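Chemist: For reference, the file start_11.cif (mmCIF, C-alpha atoms) is included below:
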```
data_work
#
loop_
_atom_site.label_atom_id
_atom_site.label_comp_id
_atom_site.auth_asym_id
_atom_site.auth_seq_id
_atom_site.Cartn_x
_atom_site.Cartn_y
_atom_site.Cartn_z
CA MET A 1 16.28 38.41 16.54
CA SER A 2 18.74 36.56 18.80
CA GLU A 3 21.67 34.65 17.41
CA PRO A 4 21.22 30.87 16.99
CA GLY A 5 22.33 28.99 20.09
CA PRO A 6 24.18 25.68 20.41
CA TYR A 7 20.96 23.70 19.95
CA GLU A 8 20.04 25.37 16.66
CA ARG A 9 23.61 25.09 15.35
CA SER A 10 23.77 21.41 16.24
CA VAL A 11 20.43 20.61 14.61
CA TRP A 12 21.37 22.55 11.48
CA SER A 13 24.73 20.82 11.17
CA TRP A 14 23.11 17.40 11.73
CA GLN A 15 20.48 18.15 9.08
CA ARG A 16 23.24 19.03 6.61
CA HIS A 17 25.09 15.83 7.54
CA LEU A 18 22.00 13.70 6.86
CA ALA A 19 21.18 15.52 3.61
CA ALA A 20 24.71 14.71 2.41
CA GLY A 21 24.16 11.00 3.04
CA GLY A 22 25.47 10.76 6.60
CA SER A 23 23.81 8.38 9.06
CA THR A 24 25.19 9.36 12.47
CA CYS A 25 22.47 9.28 15.10
CA TRP A 26 21.56 12.46 17.02
CA ARG A 27 22.98 11.26 20.32
CA ASP A 28 26.41 10.60 18.79
CA TRP A 29 26.29 13.83 16.82
CA VAL A 30 25.71 15.91 19.93
CA ALA A 31 28.45 14.03 21.76
CA ARG A 32 30.98 15.31 19.21
CA GLY A 33 30.45 18.78 20.67
CA ASP A 34 32.71 20.83 18.40
CA VAL A 35 30.53 20.38 15.27
CA ALA A 36 27.92 22.92 16.33
CA ALA A 37 30.32 25.82 16.50
CA ALA A 38 31.44 25.29 12.87
CA ALA A 39 27.96 25.30 11.33
CA PRO A 40 26.53 28.75 10.42
CA VAL A 41 22.74 28.71 10.52
CA PRO A 42 20.88 30.38 7.59
CA ALA A 43 18.67 33.35 8.41
CA GLY A 44 15.03 32.42 8.86
CA TRP A 45 15.70 28.71 9.36
CA SER A 46 13.75 26.86 12.05
CA PRO A 47 14.76 23.45 13.41
CA PRO A 48 12.69 20.59 11.97
CA GLY A 49 11.01 18.16 14.34
CA ALA A 50 12.57 14.93 15.55
CA ALA A 51 10.27 12.80 13.37
CA GLN A 52 11.21 14.61 10.15
CA LEU A 53 14.92 14.30 10.83
CA GLU A 54 14.65 10.64 11.83
CA VAL A 55 12.85 9.86 8.55
CA LEU A 56 15.66 11.63 6.68
CA ARG A 57 18.28 9.67 8.65
CA ARG A 58 16.59 6.36 7.85
CA VAL A 59 16.55 7.18 4.15
CA ALA A 60 20.24 8.05 4.35
CA VAL A 61 20.94 4.74 6.13
CA ARG A 62 19.21 2.82 3.34
CA GLY A 63 21.65 4.33 0.83
CA GLU A 64 19.11 4.38 -2.02
CA LEU A 65 19.38 8.13 -2.59
CA ALA A 66 22.48 10.25 -3.00
CA GLY A 67 23.57 13.63 -4.25
CA ALA A 68 20.89 15.94 -5.62
CA ALA A 69 18.16 13.33 -5.26
CA LEU A 70 18.80 13.00 -1.52
CA GLY A 71 18.92 16.77 -1.25
CA VAL A 72 15.49 17.04 -2.85
CA PHE A 73 14.05 14.51 -0.43
CA ALA A 74 15.74 16.23 2.53
CA ASP A 75 14.26 19.58 1.55
CA LEU A 76 10.83 18.02 1.15
CA VAL A 77 10.68 16.09 4.39
CA THR A 78 12.21 18.74 6.70
CA ARG A 79 9.80 21.47 5.58
CA ARG A 80 6.56 19.65 6.41
CA SER A 81 4.88 17.99 9.33
CA GLY A 82 2.90 14.81 8.82
CA PRO A 83 -0.76 14.98 7.72
CA GLY A 84 -3.65 14.06 9.99
CA ARG A 85 -3.77 13.86 13.74
CA GLY A 86 -0.71 12.99 15.74
CA LEU A 87 1.90 14.38 18.09
CA ALA A 88 2.92 17.99 17.75
CA GLN A 89 6.29 18.63 16.18
CA GLN A 90 8.81 17.58 18.83
CA PRO A 91 12.17 19.24 19.44
CA LEU A 92 15.24 17.07 19.78
CA ARG A 93 16.44 16.10 23.23
CA TRP A 94 19.37 18.25 24.34
CA PRO A 95 21.89 17.39 27.06
CA ASP A 96 21.33 20.72 28.87
CA ALA A 97 17.55 20.76 28.46
CA ASP A 98 17.17 22.17 31.97
CA ALA A 99 19.12 25.28 30.98
CA ALA A 100 16.62 27.10 28.79
CA GLU A 101 19.02 29.90 28.00
CA THR A 102 21.43 27.44 26.29
CA ALA A 103 19.03 24.79 25.07
CA GLY A 104 16.84 26.96 22.88
CA ALA A 105 13.72 25.12 21.63
CA ALA A 106 14.80 21.96 23.43
CA GLY A 107 14.61 23.69 26.81
CA ARG A 108 11.22 25.39 26.53
CA ARG A 109 8.58 24.67 29.17
CA PHE A 110 5.63 24.45 26.78
CA GLY A 111 4.61 22.42 23.74
CA ALA A 112 5.64 18.88 22.86
CA PRO A 113 8.37 17.39 25.07
CA PRO A 114 11.85 16.93 23.59
CA VAL A 115 12.66 13.43 22.34
CA ASP A 116 15.62 11.57 20.93
CA PRO A 117 14.81 10.97 17.23
CA SER A 118 15.49 7.23 17.62
CA GLU A 119 12.63 7.08 20.14
CA VAL A 120 9.96 8.72 17.99
CA PRO A 121 6.96 6.35 17.69
CA ALA A 122 6.69 4.52 14.37
CA GLU A 123 3.26 6.05 13.77
CA GLU A 124 4.78 9.54 13.72
CA LEU A 125 7.45 8.47 11.25
CA VAL A 126 4.75 6.91 9.06
CA ARG A 127 2.78 10.18 9.13
CA VAL A 128 5.82 12.11 7.94
CA GLY A 129 6.54 9.52 5.25
CA THR A 130 2.92 9.60 4.08
CA GLY A 131 3.07 13.36 3.66
CA ALA A 132 6.33 13.16 1.72
CA LEU A 133 5.06 10.42 -0.60
CA THR A 134 1.80 12.30 -1.25
CA GLU A 135 3.66 15.50 -2.14
CA LEU A 136 5.96 13.61 -4.52
CA LEU A 137 3.00 11.98 -6.24
CA LEU A 138 1.06 15.23 -6.57
CA ALA A 139 4.10 17.07 -7.92
CA ARG A 140 4.33 14.50 -10.72
CA THR A 141 0.65 14.48 -11.61
CA ALA A 142 -0.19 17.72 -13.41
CA GLU A 143 -3.56 19.33 -12.75
CA HIS A 144 -4.47 19.19 -16.42
CA SER A 145 -3.29 15.64 -17.07
CA GLU A 146 -5.78 13.00 -18.14
CA PRO A 147 -6.37 10.33 -15.50
CA ARG A 148 -4.59 7.11 -16.31
CA ARG A 149 -6.60 3.94 -16.45
CA THR A 150 -6.63 2.58 -12.89
CA PRO A 151 -8.53 -0.03 -10.91
CA ARG A 152 -10.92 2.70 -9.77
CA ARG A 153 -13.68 1.22 -11.89
CA ARG A 154 -13.53 -1.68 -14.32
CA SER A 155 -15.27 -1.02 -17.59
CA GLY A 156 -17.99 -3.42 -18.65
CA ARG A 157 -16.48 -3.50 -22.14
CA LEU A 158 -14.03 -6.35 -22.47
CA ARG A 159 -10.56 -5.62 -23.84
CA ARG A 160 -10.11 -6.70 -27.44
CA ILE A 161 -7.35 -9.28 -27.21
CA HIS A 162 -6.97 -12.08 -29.67
CA ARG A 163 -8.18 -15.37 -28.19
CA SER A 164 -6.99 -18.71 -29.53
CA ARG A 165 -9.76 -20.71 -31.20
CA ARG A 166 -8.69 -23.68 -29.10
CA THR A 167 -9.49 -21.84 -25.87
CA THR A 168 -12.97 -22.30 -24.44
CA PRO A 169 -14.70 -18.90 -24.08
CA PHE A 170 -14.54 -18.20 -20.35
CA ALA A 171 -15.22 -15.76 -17.53
CA LEU A 172 -13.41 -15.26 -14.23
CA ALA A 173 -14.85 -14.18 -10.89
CA GLY A 174 -14.16 -14.45 -7.17
CA ALA A 175 -11.43 -13.16 -4.87
CA PRO A 176 -10.47 -9.84 -6.51
CA VAL A 177 -6.68 -10.00 -6.28
CA THR A 178 -6.43 -13.67 -7.27
CA THR A 179 -8.88 -13.09 -10.13
CA SER A 180 -6.93 -10.07 -11.39
CA VAL A 181 -3.61 -11.92 -11.24
CA VAL A 182 -5.01 -14.86 -13.24
CA ARG A 183 -6.75 -12.54 -15.70
CA ARG A 184 -3.58 -10.60 -16.43
CA ALA A 185 -1.56 -13.79 -16.90
CA LEU A 186 -4.09 -15.16 -19.39
CA GLU A 187 -4.35 -11.85 -21.22
CA ALA A 188 -0.57 -11.71 -21.50
CA ALA A 189 -0.69 -15.04 -23.35
CA GLY A 190 -3.51 -13.83 -25.61
CA HIS A 191 -6.51 -15.35 -23.81
CA ALA A 192 -9.20 -12.85 -22.85
CA GLU A 193 -12.62 -13.41 -21.37
CA GLY A 194 -15.32 -13.77 -23.98
CA ALA A 195 -18.57 -11.86 -24.38
CA ARG A 196 -20.43 -15.21 -24.51
CA PRO A 197 -18.53 -17.49 -22.12
CA ARG A 198 -19.23 -21.21 -21.96
CA LEU A 199 -17.15 -21.80 -18.87
CA ALA A 200 -16.94 -19.85 -15.58
CA LEU A 201 -14.03 -20.11 -13.16
CA LEU A 202 -14.71 -18.92 -9.61
CA LEU A 203 -11.49 -18.37 -7.70
CA ALA A 204 -12.09 -18.89 -3.98
CA GLU A 205 -9.71 -18.14 -1.13
CA PRO A 206 -9.93 -18.71 2.65
CA PHE A 207 -12.51 -16.32 4.06
CA ASP A 208 -10.09 -14.02 5.89
CA LEU A 209 -7.76 -13.80 2.88
CA ALA A 210 -10.69 -13.11 0.53
CA LEU A 211 -11.87 -10.34 2.86
CA ALA A 212 -8.37 -8.86 2.93
CA GLN A 213 -8.34 -8.95 -0.87
CA SER A 214 -11.64 -7.08 -0.92
CA TRP A 215 -10.12 -4.48 1.40
CA SER A 216 -7.07 -4.18 -0.84
CA ALA A 217 -9.26 -3.72 -3.93
CA ARG A 218 -11.27 -1.00 -2.19
CA VAL A 219 -8.12 0.87 -1.19
CA GLN A 220 -6.72 0.56 -4.72
CA ARG A 221 -9.91 2.23 -5.98
CA GLY A 222 -9.33 5.17 -3.64
CA ALA A 223 -10.89 4.27 -0.28
CA PRO A 224 -9.17 5.41 2.94
CA VAL A 225 -10.71 2.68 5.11
CA ARG A 226 -8.64 0.93 7.78
CA TRP A 227 -8.51 -2.87 7.91
CA HIS A 228 -10.25 -3.12 11.29
CA GLY A 229 -12.93 -0.66 10.20
CA PHE A 230 -13.49 -2.63 7.00
CA VAL A 231 -13.92 -5.88 8.94
CA ALA A 232 -16.22 -4.26 11.50
CA ARG A 233 -18.41 -2.80 8.75
CA TRP A 234 -18.97 -6.10 6.94
CA SER A 235 -19.32 -8.19 10.07
CA GLY A 236 -22.28 -6.02 11.00
CA ARG A 237 -24.10 -6.67 7.73
CA ARG A 238 -26.09 -9.59 6.40
CA ARG A 239 -24.48 -9.28 3.00
CA LEU A 240 -20.89 -9.98 1.99
CA PRO A 241 -18.73 -8.12 -0.53
CA PRO A 242 -19.99 -9.32 -3.95
CA SER A 243 -16.69 -11.01 -4.81
CA MET A 244 -16.94 -13.11 -1.60
CA ASP A 245 -20.53 -14.27 -2.02
CA LEU A 246 -19.48 -17.41 -3.85
CA PRO A 247 -22.85 -19.22 -3.67
CA ALA A 248 -24.56 -16.24 -5.31
CA LEU A 249 -21.84 -15.98 -7.96
CA ALA A 250 -22.05 -19.71 -8.66
CA ARG A 251 -25.85 -19.62 -9.02
CA ARG A 252 -25.68 -16.63 -11.31
CA TRP A 253 -23.16 -18.29 -13.60
CA ALA A 254 -24.96 -21.64 -13.46
CA ASP A 255 -28.06 -19.94 -14.86
CA ARG A 256 -25.96 -18.78 -17.83
CA VAL A 257 -23.64 -21.68 -18.58
CA GLY A 258 -24.99 -24.61 -16.55
CA ALA A 259 -23.80 -25.91 -13.17
CA ASP A 260 -21.42 -28.40 -14.81
CA ASN A 261 -19.55 -25.52 -16.42
CA VAL A 262 -19.06 -23.52 -13.21
CA HIS A 263 -15.68 -24.59 -11.83
CA LEU A 264 -14.69 -23.68 -8.28
CA VAL A 265 -10.94 -23.29 -7.78
CA VAL A 266 -10.64 -23.30 -3.99
CA ALA A 267 -7.65 -22.03 -1.99
CA PRO A 268 -4.92 -22.32 -4.63
CA ALA A 269 -1.44 -22.28 -3.11
CA GLY A 270 -0.54 -18.84 -4.42
CA SER A 271 -1.00 -17.10 -7.76
CA ASP A 272 1.13 -19.55 -9.77
CA ALA A 273 -1.06 -22.48 -8.71
CA ALA A 274 -4.23 -20.53 -9.57
CA ILE A 275 -2.84 -19.72 -13.02
CA ARG A 276 -1.84 -23.32 -13.67
CA THR A 277 -5.30 -24.59 -12.72
CA ALA A 278 -6.99 -22.01 -14.94
CA VAL A 279 -4.72 -22.87 -17.86
CA THR A 280 -5.49 -26.58 -17.47
CA LEU A 281 -9.25 -26.08 -17.27
CA LEU A 282 -9.33 -23.77 -20.27
CA GLY A 283 -6.90 -25.75 -22.40
CA ALA A 284 -5.07 -22.48 -22.93
CA ASP A 285 -1.74 -22.23 -24.70
CA THR A 286 0.59 -20.02 -22.66
CA SER A 287 3.84 -20.99 -24.39
CA GLY A 288 4.16 -17.65 -26.13
CA ARG A 289 3.72 -14.15 -24.72
CA ARG A 290 1.64 -12.24 -27.23
CA HIS A 291 0.53 -9.20 -25.25
CA GLY A 292 1.51 -7.21 -22.21
CA PRO A 293 -0.76 -7.76 -19.23
CA GLY A 294 -3.73 -5.44 -18.92
CA PRO A 295 -3.46 -2.49 -16.53
CA GLY A 296 -6.80 -3.00 -14.80
CA GLY A 297 -7.77 -4.98 -11.76
CA ALA A 298 -6.45 -5.21 -8.23
CA ARG A 299 -2.71 -5.62 -7.71
CA ASP A 300 -1.07 -8.06 -5.31
CA LEU A 301 0.01 -5.70 -2.51
CA SER A 302 1.42 -6.61 0.88
CA PRO A 303 -0.65 -5.62 3.95
CA ALA A 304 1.77 -2.79 4.66
CA ALA A 305 1.50 -1.49 1.08
CA VAL A 306 -2.31 -1.50 1.30
CA ASP A 307 -2.07 0.38 4.60
CA VAL A 308 0.16 2.99 2.96
CA GLY A 309 -2.34 3.28 0.11
CA ARG A 310 -5.26 3.96 2.43
CA ARG A 311 -3.20 6.60 4.28
CA VAL A 312 -2.37 8.40 1.04
CA ASN A 313 -6.04 8.14 -0.03
CA ALA A 314 -7.07 9.89 3.19
CA VAL A 315 -4.81 12.84 2.32
CA LEU A 316 -5.84 12.94 -1.33
CA GLY A 317 -9.50 12.89 -0.32
CA VAL A 318 -9.16 16.38 1.15
CA ARG A 319 -6.51 17.71 -1.23
CA VAL A 320 -7.73 16.92 -4.75
CA GLY A 321 -10.82 16.05 -6.76
CA GLU A 322 -11.86 12.63 -8.00
CA GLU A 323 -10.12 12.80 -11.40
CA ARG A 324 -6.82 13.95 -9.93
CA HIS A 325 -7.12 11.29 -7.26
CA ALA A 326 -7.56 8.65 -9.97
CA ALA A 327 -4.52 9.96 -11.83
CA VAL A 328 -2.40 9.77 -8.68
CA LEU A 329 -3.61 6.22 -8.02
CA GLY A 330 -2.34 5.32 -11.49
CA ARG A 331 1.16 6.05 -10.19
CA LEU A 332 0.69 4.98 -6.58
CA VAL A 333 -0.60 1.42 -7.00
CA PRO A 334 2.22 0.16 -9.28
CA LEU A 335 4.71 1.94 -7.01
CA LEU A 336 3.35 0.15 -3.94
CA GLU A 337 3.42 -3.16 -5.79
CA GLN A 338 7.18 -2.69 -6.24
CA SER A 339 7.86 -1.27 -2.79
CA GLY A 340 6.91 -3.92 -0.28
CA PRO A 341 7.84 -7.44 0.69
CA GLY A 342 5.88 -9.98 -1.36
CA SER A 343 3.05 -11.72 0.44
CA ALA A 344 3.21 -15.45 1.14
CA THR A 345 -0.01 -16.03 -0.79
CA THR A 346 -1.94 -14.05 -3.33
CA GLY A 347 -3.29 -10.93 -1.65
CA PRO A 348 -2.69 -9.40 1.77
CA ALA A 349 -1.70 -12.04 4.33
CA LEU A 350 -4.01 -10.83 7.10
CA THR A 351 -6.63 -12.42 9.27
CA VAL A 352 -9.58 -10.83 11.04
CA PRO A 353 -9.26 -9.42 14.58
CA LEU A 354 -10.33 -11.61 17.48
CA SER A 355 -13.69 -9.86 17.84
CA ALA A 356 -14.72 -10.94 14.31
CA ARG A 357 -13.49 -14.54 14.31
CA ASP A 358 -16.81 -16.18 15.21
CA TRP A 359 -18.52 -14.20 12.44
CA ALA A 360 -15.84 -15.11 9.91
CA PHE A 361 -15.93 -18.82 10.73
CA GLY A 362 -19.74 -18.95 10.73
CA ARG A 363 -20.10 -17.21 7.37
CA ALA A 364 -17.33 -19.29 5.82
CA ALA A 365 -18.91 -22.54 7.03
CA GLN A 366 -22.19 -21.45 5.47
CA ILE A 367 -20.45 -20.75 2.15
CA ALA A 368 -18.73 -24.16 2.24
CA ASP A 369 -22.04 -25.96 2.87
CA GLU A 370 -23.82 -24.15 0.03
CA LEU A 371 -21.01 -24.82 -2.42
CA SER A 372 -20.93 -28.51 -1.47
CA ALA A 373 -24.65 -28.79 -2.12
CA GLY A 374 -24.49 -26.95 -5.45
CA GLY A 375 -23.16 -29.80 -7.57
CA TYR A 376 -20.38 -27.73 -9.14
CA PRO A 377 -17.02 -29.16 -10.20
CA VAL A 378 -14.64 -28.32 -7.35
CA HIS A 379 -10.86 -28.16 -7.61
CA GLY A 380 -9.75 -28.41 -4.03
CA SER A 381 -12.14 -28.75 -1.10
CA PRO A 382 -15.07 -26.45 -0.27
CA ALA A 383 -13.67 -26.47 3.27
CA GLY A 384 -10.77 -24.44 1.88
CA VAL A 385 -12.92 -21.31 2.21
CA LEU A 386 -12.77 -21.56 6.02
CA PRO A 387 -10.62 -18.79 7.52
CA ARG A 388 -7.07 -19.61 8.51
CA LEU A 389 -7.17 -17.36 11.63
CA GLU A 390 -3.98 -18.67 13.27
CA GLY A 391 -0.42 -17.70 12.46
CA LEU A 392 -1.28 -14.42 10.71
CA ALA A 393 -1.25 -10.81 11.82
CA SER A 394 -4.62 -9.19 12.43
CA HIS A 395 -3.41 -5.72 11.40
CA PRO A 396 -0.67 -4.23 9.20
CA ARG A 397 2.55 -3.44 11.08
CA ARG A 398 3.53 0.23 11.23
CA GLU A 399 7.21 -0.65 10.91
CA ASP A 400 6.46 -2.46 7.64
CA ALA A 401 4.41 0.50 6.41
CA LEU A 402 7.39 2.77 7.12
CA GLU A 403 9.65 0.52 5.06
CA VAL A 404 7.19 0.65 2.17
CA LEU A 405 7.01 4.45 2.42
CA LEU A 406 10.78 4.94 2.44
CA MET A 407 11.24 2.56 -0.49
CA ALA A 408 8.42 4.18 -2.48
CA CYS A 409 9.76 7.69 -1.91
CA ALA A 410 13.25 6.64 -2.98
CA ARG A 411 11.93 4.92 -6.11
CA LEU A 412 9.84 7.94 -7.05
CA VAL A 413 12.67 10.43 -6.54
CA ARG A 414 15.16 8.28 -8.47
CA ARG A 415 12.75 7.58 -11.31
CA GLU A 416 12.00 11.19 -12.20
CA ASP A 417 14.31 13.56 -14.05
CA GLY A 418 14.46 17.17 -12.95
CA VAL A 419 12.89 16.51 -9.56
CA GLU A 420 14.64 19.50 -8.04
CA GLY A 421 12.07 21.89 -9.46
CA THR A 422 8.91 19.83 -9.05
CA VAL A 423 8.26 19.73 -5.33
CA ARG A 424 5.86 22.42 -4.13
CA ARG A 425 7.49 24.64 -1.53
#
```
Could the structure of this file be written out as structure tokens, please?

Modeler:
Amino acid sequence: MSEPGPYERSVWSWQRHLAAGGSTCWRDWVARGDVAAAAPVPAGWSPPGAAQLEVLRRVAVRGELAGAALGVFADLVTRRSGPGRGLAQQPLRWPDADAAETAGAAGRRFGAPPVDPSEVPAEELVRVGTGALTELLLARTAEHSEPRRTPRRRSGRLRRIHRSRRTTPFALAGAPVTTSVVRRALEAAGHAEGARPRLALLLAEPFDLALAQSWSARVQRGAPVRWHGFVARWSGRRRLPPSMDLPALARRWADRVGADNVHLVVAPAGSDAAIRTAVTLLGADTSGRRHGPGPGGARDLSPAAVDVGRRVNAVLGVRVGEERHAAVLGRLVPLLEQSGPGSATTGPALTVPLSARDWAFGRAAQIADELSAGGYPVHGSPAGVLPRLEGLASHPRREDALEVLLMACARLVRREDGVEGTVRR
């Protein structure tokens, strides 16, 4: 075996620099020149790809990991390529790439072309981050552990929480994220849905936001579906996701409690407004916190966090069984809730792609007409279910997904004790 050349020595020394918390970019590192000669390369070591090292550099730049924790993450990310389809592992661009005898892997005439790590596409960095996050989650979810309760399926048995006698027995339905947020807030104050409700609150959002909430709920239950694929699937059907078929929900509850007792809360301005309206309608006392919020239901994740969730689900779908997948989701969903920028409204702030806008507007207009003709008490305007369409992204941004991944990995590594021995080699 030949001795490591300047390329290998430079990559090894840069990797050590990053693993120690350094943030110098590759171009500047190579320009220093004399560093390579002072860095002995371990036997059997192979240079990681540009994407792996750039992910490590970005974590170092963030400054959220240090010492042994950063070393654990460095070892994890530099030993693995990203899951799924993507570019082959790319060597780092070398100044003398034309001189194969001095450039080593960077000067070869086959395989992926060399690249400066700062120029690696965001999708490749996201793939590497997805693999690292999945490995961290699996390492902390033992094969024999019992699955935690997750939003994978909501039990039909209502939680036994004390309900004030002054609170009207009620039920909640509608947009899944908004409904879950309101439900948890009421449960935290001691007000749970009753087995024999006398009042039904249907929480309605603009059509595109409600659809994005349905997508988020599906992903939080383990689905790997992309946003555009989710929209395309439903736009080709006559039906809507059950939580979005407000006329059907209203009719069903009207048969049970009477149309006058079916209240439509349309397009509340965020979760706080939805909670306030629900509290007013129910006459609920929320002055004292009697219970912690329930663990079930969909969480309010940013579009990027939902996109990260569906990427991890795709890997878990081929790596583990259903029970282990559910156990991992019990860790993943709360982690994603903490690891992304908050959305402007309740649920993912996305709209449908251009190809689905006519469908979205037509279906929403139909819903608004049926609700207006139903004779239900409406808080807001039925027209509030029309999609917003303008001013919103039609897909999650990869750069935002990368930020969520890096933050989630850092949180997970920092949170656990003894992580040095838990990552599978």

Chemist: Could you list, as a list of chain:residue names, every residue matched by the PyMOL selection byres ((chain A and resi 300) around 10) in this structure?

Modeler: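 Applying the expression gives A:Pro176, A:Val177, A:Thr178, A:Ser180, A:Val181, A:Gln213, A:Ser216, A:Ala217, A:Ser271, A:Gly297, A:Ala298, A:Arg299, A:Leu301, A:Ser302, A:Pro303, A:Ala305, A:Val306, A:Val333, A:Pro334, A:Leu336, A:Glu337, A:Gln338, A:Gly342, A:Ser343, A:Thr345, A:Thr346, A:Gly347, A:Pro348.
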
Chemist: Give the answer as one residue: which of A:Ala383, A:Ala185, A:Ala360, A:Ala74 has the shortest atom-to-atom distance to Cys409 of chain A, using only C-alpha atoms?

Modeler: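 Smallest distance to Cys409 of chain A is found for A:Ala74.
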
Chemist: Atom CA of Pro387 of chain A and atom CA of Pro206 of chain A, how far apart in Å?

Modeler: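 A separation of 4.9 Å between them.
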
Chemist: Could you tell me which residues the PyMOL selection byres ((chain A and resi 168) around 8) returns for this structure, as a short mmCIF file (atom, residue, chain, number, x, y, z; two decimals) with C-alpha atoms, keeping the file's coordinate frame?

Modeler:
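What landed in part-v1.cif:
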```cif
data_model
loop_
_atom_site.label_atom_id
_atom_site.label_comp_id
_atom_site.auth_asym_id
_atom_site.auth_seq_id
_atom_site.Cartn_x
_atom_site.Cartn_y
_atom_site.Cartn_z
CA ARG A 165 -9.76 -20.71 -31.20
CA ARG A 166 -8.69 -23.68 -29.10
CA THR A 167 -9.49 -21.84 -25.87
CA PRO A 169 -14.70 -18.90 -24.08
CA PHE A 170 -14.54 -18.20 -20.35
CA PRO A 197 -18.53 -17.49 -22.12
CA ARG A 198 -19.23 -21.21 -21.96
CA LEU A 199 -17.15 -21.80 -18.87
CA LEU A 282 -9.33 -23.77 -20.27
CA GLY A 283 -6.90 -25.75 -22.40
#
```

Chemist: I'd like the neighbourhood of Thr179 of chain A as a ChimeraX atom specification, where a residue qualifies if any of its atoms comes within 8 Å (using only C-alpha atoms), though same-chain residues fewer than 6 positions away should be ignored.

Modeler: /A:172-173,203

Chemist: Find the distance between atom CA of Leu412 of chain A and atom CA of Cys25 of chain A and write it in Å to one decimal.

Modeler: 25.5 Å

Chemist: Could you check which of A:Phe73, A:Trp227, A:Trp94, A:Phe361 is closest to Leu133 of chain A, using all atoms listed in the file?

Modeler: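 The shortest atom-to-atom distance to Leu133 of chain A comes from A:Phe73.
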